[in-house]
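Asker: The structure under discussion is supplied below as structure tokens; questions concerning it will follow.
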Amino acid sequence: MDNNELRDSMEKAFETGYLHLKRMNFANSKVKKFLPITRDNYYLLDDETIGFLDQYIFRFSKTQDLIGSRIFPLTLQTLAEPVEDKPFIDVLNRLEKLNIIDSAQNWIELRKIRNDIAHEYPSNLNERIEGINILFENLTTFRQILNRCSQVLEEHGLKNS
């Protein structure tokens, strides 16, 4: 992939990522008065508020997928780091060493939580509530990661300031 293709691919990925963050911020603004969610106040949420929770979870999932599958590899590619055929944990560990993510383990844990709460079963309500609260606590994590990756690109002349 040449620099123009890399730049175009990154611009599209960042545009999508920041759009997801915008939607997550909107959903957050609609439910923040209920945060942290407890078992008691969960039962008081109306359908509209549950819809905003679902929107947040959906966008969180989309953002994490986008960052993990496109932005991380393209960022490492920009740094001339080998990415192809590497296990994802190795990619995460390298990103942690480069201070692009704070913790590879945190990324893995967020993915597990996100996958666990994607399914709404009455028997796992406590875990779902705990997971929702953790996802809301990590809203800034994605913005920080996108900003750090963007900074790498700017430093390598692949993104306009």
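The chains in the structure tokens are called A, B, ... from first to last as shown; in each chain the residues are counted from 1, and the ligands are counted from 1 in the order shown.
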Find the residues of range 46-143 of chain A that sit at most 12 Å from range 23-32 of chain A; for each, write down the nearest two atoms and how far apart they are in Å, to one decimal. Count only C-alpha atoms. Sort by chain, then by number going up, and give it as a Markdown table.
Answerer:
```
| residue | atom | partner | partner_atom | distance |
| --- | --- | --- | --- | --- |
| A:Asp46 | CA | A:Val31 | CA | 10.8 |
| A:Asp47 | CA | A:Val31 | CA | 11.8 |
| A:Glu48 | CA | A:Lys30 | CA | 9.3 |
| A:Thr49 | CA | A:Val31 | CA | 6.4 |
| A:Ile50 | CA | A:Val31 | CA | 8.7 |
| A:Gly51 | CA | A:Ala27 | CA | 8.8 |
| A:Phe52 | CA | A:Ala27 | CA | 5.1 |
| A:Leu53 | CA | A:Ala27 | CA | 6.8 |
| A:Asp54 | CA | A:Ala27 | CA | 8.8 |
| A:Gln55 | CA | A:Ala27 | CA | 6.6 |
| A:Tyr56 | CA | A:Met24 | CA | 5.1 |
| A:Ile57 | CA | A:Met24 | CA | 8.3 |
| A:Phe58 | CA | A:Met24 | CA | 8.9 |
| A:Arg59 | CA | A:Met24 | CA | 6.2 |
| A:Phe60 | CA | A:Met24 | CA | 7.2 |
| A:Ser61 | CA | A:Met24 | CA | 10.6 |
| A:Lys62 | CA | A:Met24 | CA | 10.5 |
| A:Thr63 | CA | A:Met24 | CA | 9.5 |
| A:Ile132 | CA | A:Asn28 | CA | 11.2 |
| A:Asn133 | CA | A:Lys32 | CA | 10.3 |
| A:Leu135 | CA | A:Met24 | CA | 10.5 |
| A:Phe136 | CA | A:Asn28 | CA | 7.5 |
| A:Glu137 | CA | A:Asn28 | CA | 10.3 |
| A:Asn138 | CA | A:Met24 | CA | 11.0 |
| A:Leu139 | CA | A:Met24 | CA | 7.7 |
| A:Thr140 | CA | A:Asn25 | CA | 9.7 |
| A:Phe142 | CA | A:Met24 | CA | 10.5 |
| A:Arg143 | CA | A:Asn25 | CA | 10.6 |
```
Asker: Output N, CA and C atoms of each residue in that selection to a file, as a PDB file, in the first residue's frame.
Answerer:
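Output file selection07.pdb follows:
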```pdb
ATOM      1  N   ASP A  46     -36.873   3.644  31.044  1.00  0.00           N
ATOM      2  CA  ASP A  46     -37.912   3.478  30.035  1.00  0.00           C
ATOM      3  C   ASP A  46     -37.295   2.941  28.738  1.00  0.00           C
ATOM      4  N   ASP A  47     -38.145   2.607  27.787  1.00  0.00           N
ATOM      5  CA  ASP A  47     -37.672   2.006  26.537  1.00  0.00           C
ATOM      6  C   ASP A  47     -36.733   2.938  25.774  1.00  0.00           C
ATOM      7  N   GLU A  48     -36.981   4.230  25.818  1.00  0.00           N
ATOM      8  CA  GLU A  48     -36.124   5.186  25.119  1.00  0.00           C
ATOM      9  C   GLU A  48     -34.706   5.172  25.710  1.00  0.00           C
ATOM     10  N   THR A  49     -34.614   5.156  27.025  1.00  0.00           N
ATOM     11  CA  THR A  49     -33.301   5.130  27.683  1.00  0.00           C
ATOM     12  C   THR A  49     -32.586   3.816  27.398  1.00  0.00           C
ATOM     13  N   ILE A  50     -33.326   2.709  27.434  1.00  0.00           N
ATOM     14  CA  ILE A  50     -32.735   1.410  27.077  1.00  0.00           C
ATOM     15  C   ILE A  50     -32.231   1.472  25.635  1.00  0.00           C
ATOM     16  N   GLY A  51     -32.954   2.145  24.765  1.00  0.00           N
ATOM     17  CA  GLY A  51     -32.512   2.311  23.385  1.00  0.00           C
ATOM     18  C   GLY A  51     -31.190   3.054  23.297  1.00  0.00           C
ATOM     19  N   PHE A  52     -31.015   4.081  24.144  1.00  0.00           N
ATOM     20  CA  PHE A  52     -29.743   4.808  24.152  1.00  0.00           C
ATOM     21  C   PHE A  52     -28.611   3.941  24.706  1.00  0.00           C
ATOM     22  N   LEU A  53     -28.921   3.100  25.690  1.00  0.00           N
ATOM     23  CA  LEU A  53     -27.916   2.144  26.180  1.00  0.00           C
ATOM     24  C   LEU A  53     -27.500   1.196  25.055  1.00  0.00           C
ATOM     25  N   ASP A  54     -28.501   0.695  24.342  1.00  0.00           N
ATOM     26  CA  ASP A  54     -28.210  -0.211  23.230  1.00  0.00           C
ATOM     27  C   ASP A  54     -27.400   0.492  22.147  1.00  0.00           C
ATOM     28  N   GLN A  55     -27.721   1.755  21.868  1.00  0.00           N
ATOM     29  CA  GLN A  55     -26.977   2.522  20.876  1.00  0.00           C
ATOM     30  C   GLN A  55     -25.518   2.644  21.304  1.00  0.00           C
ATOM     31  N   TYR A  56     -25.309   2.935  22.575  1.00  0.00           N
ATOM     32  CA  TYR A  56     -23.954   3.089  23.091  1.00  0.00           C
ATOM     33  C   TYR A  56     -23.176   1.775  22.947  1.00  0.00           C
ATOM     34  N   ILE A  57     -23.799   0.676  23.355  1.00  0.00           N
ATOM     35  CA  ILE A  57     -23.150  -0.627  23.275  1.00  0.00           C
ATOM     36  C   ILE A  57     -22.830  -0.969  21.819  1.00  0.00           C
ATOM     37  N   PHE A  58     -23.761  -0.709  20.923  1.00  0.00           N
ATOM     38  CA  PHE A  58     -23.552  -0.974  19.495  1.00  0.00           C
ATOM     39  C   PHE A  58     -22.379  -0.152  18.963  1.00  0.00           C
ATOM     40  N   ARG A  59     -22.361   1.139  19.262  1.00  0.00           N
ATOM     41  CA  ARG A  59     -21.284   2.008  18.775  1.00  0.00           C
ATOM     42  C   ARG A  59     -19.948   1.661  19.436  1.00  0.00           C
ATOM     43  N   PHE A  60     -19.988   1.278  20.693  1.00  0.00           N
ATOM     44  CA  PHE A  60     -18.768   0.834  21.371  1.00  0.00           C
ATOM     45  C   PHE A  60     -18.188  -0.359  20.611  1.00  0.00           C
ATOM     46  N   SER A  61     -19.037  -1.313  20.279  1.00  0.00           N
ATOM     47  CA  SER A  61     -18.604  -2.504  19.546  1.00  0.00           C
ATOM     48  C   SER A  61     -18.032  -2.136  18.187  1.00  0.00           C
ATOM     49  N   LYS A  62     -18.735  -1.280  17.472  1.00  0.00           N
ATOM     50  CA  LYS A  62     -18.277  -0.869  16.145  1.00  0.00           C
ATOM     51  C   LYS A  62     -16.938  -0.144  16.228  1.00  0.00           C
ATOM     52  N   THR A  63     -16.800   0.718  17.226  1.00  0.00           N
ATOM     53  CA  THR A  63     -15.562   1.484  17.376  1.00  0.00           C
ATOM     54  C   THR A  63     -14.406   0.559  17.717  1.00  0.00           C
ATOM     55  N   ILE A 132     -22.007  -2.662  31.391  1.00  0.00           N
ATOM     56  CA  ILE A 132     -22.448  -1.376  30.834  1.00  0.00           C
ATOM     57  C   ILE A 132     -21.721  -0.244  31.530  1.00  0.00           C
ATOM     58  N   ASN A 133     -21.649  -0.297  32.841  1.00  0.00           N
ATOM     59  CA  ASN A 133     -20.949   0.766  33.586  1.00  0.00           C
ATOM     60  C   ASN A 133     -19.478   0.854  33.184  1.00  0.00           C
ATOM     61  N   LEU A 135     -18.171  -0.046  30.286  1.00  0.00           N
ATOM     62  CA  LEU A 135     -18.081   0.520  28.933  1.00  0.00           C
ATOM     63  C   LEU A 135     -18.258   2.039  28.955  1.00  0.00           C
ATOM     64  N   PHE A 136     -19.165   2.525  29.770  1.00  0.00           N
ATOM     65  CA  PHE A 136     -19.349   3.977  29.863  1.00  0.00           C
ATOM     66  C   PHE A 136     -18.131   4.651  30.485  1.00  0.00           C
ATOM     67  N   GLU A 137     -17.497   3.983  31.436  1.00  0.00           N
ATOM     68  CA  GLU A 137     -16.291   4.540  32.054  1.00  0.00           C
ATOM     69  C   GLU A 137     -15.142   4.636  31.063  1.00  0.00           C
ATOM     70  N   ASN A 138     -15.199   3.862  29.985  1.00  0.00           N
ATOM     71  CA  ASN A 138     -14.098   3.807  29.031  1.00  0.00           C
ATOM     72  C   ASN A 138     -14.353   4.585  27.746  1.00  0.00           C
ATOM     73  N   LEU A 139     -15.331   5.452  27.749  1.00  0.00           N
ATOM     74  CA  LEU A 139     -15.601   6.271  26.570  1.00  0.00           C
ATOM     75  C   LEU A 139     -14.369   7.063  26.156  1.00  0.00           C
ATOM     76  N   THR A 140     -13.676   7.646  27.116  1.00  0.00           N
ATOM     77  CA  THR A 140     -12.504   8.465  26.788  1.00  0.00           C
ATOM     78  C   THR A 140     -11.334   7.620  26.274  1.00  0.00           C
ATOM     79  N   PHE A 142     -11.316   5.366  23.931  1.00  0.00           N
ATOM     80  CA  PHE A 142     -11.307   5.343  22.469  1.00  0.00           C
ATOM     81  C   PHE A 142     -10.857   6.676  21.885  1.00  0.00           C
ATOM     82  N   ARG A 143     -11.311   7.768  22.488  1.00  0.00           N
ATOM     83  CA  ARG A 143     -10.883   9.079  21.991  1.00  0.00           C
ATOM     84  C   ARG A 143      -9.361   9.226  22.138  1.00  0.00           C
TER      85      ARG A 143
END
```
Asker: Mind checking which residues fall within 12 Å of range 77-80 of chain A, counting only C-alpha atoms, ignoring those fewer than 6 positions away in the same chain, and posting them as a ChimeraX atom specification?
Answerer: /A:1-7,9-10,70-71,91,94-95,98,100,149-159
Asker: Where does DSSP see helix (DSSP H, G or I) in chain A, if you list the residues as a VMD selection string?
Answerer: chain A and resid 3 to 34 39 to 42 47 to 78 88 to 97 104 to 117 122 to 137 139 to 155
Asker: Find the residue from A:Leu146, A:Tyr18, A:Gln64, A:Ser103 that sits nearest to Asn115 in chain A; use only C-alpha atoms when measuring.
Answerer: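 Checking each candidate against Asn115 in chain A, we get A:Gln64 as the closest.
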Asker: May I ask for the distance between CA of Thr141 in chain A and CA of Asp40 in chain A, given in Å to one decimal place?
Answerer: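 Those two atoms sit 27.7 Å apart.
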Asker: For Ile101 in chain A, please output as a list in words all residues within 8 Å (counting only C-alpha atoms; exclusion window: fewer than 4 positions along the same chain).
Answerer: Leu92, Leu95, Glu96 and Ile145 of chain A
Asker: From the set A:Ile134, A:Leu21, A:Leu44, A:Leu125, which residue has the shortest atom-to-atom contact distance to Ile67 in chain A, counting only C-alpha atoms?
Answerer: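 Distance minimum relative to Ile67 in chain A lands on A:Leu21.
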Asker: Quick one: distance from CA of Ala13 in chain A to CA of His119 in chain A in Å, one decimal?
Answerer: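 These atoms are spaced 26.8 Å apart.
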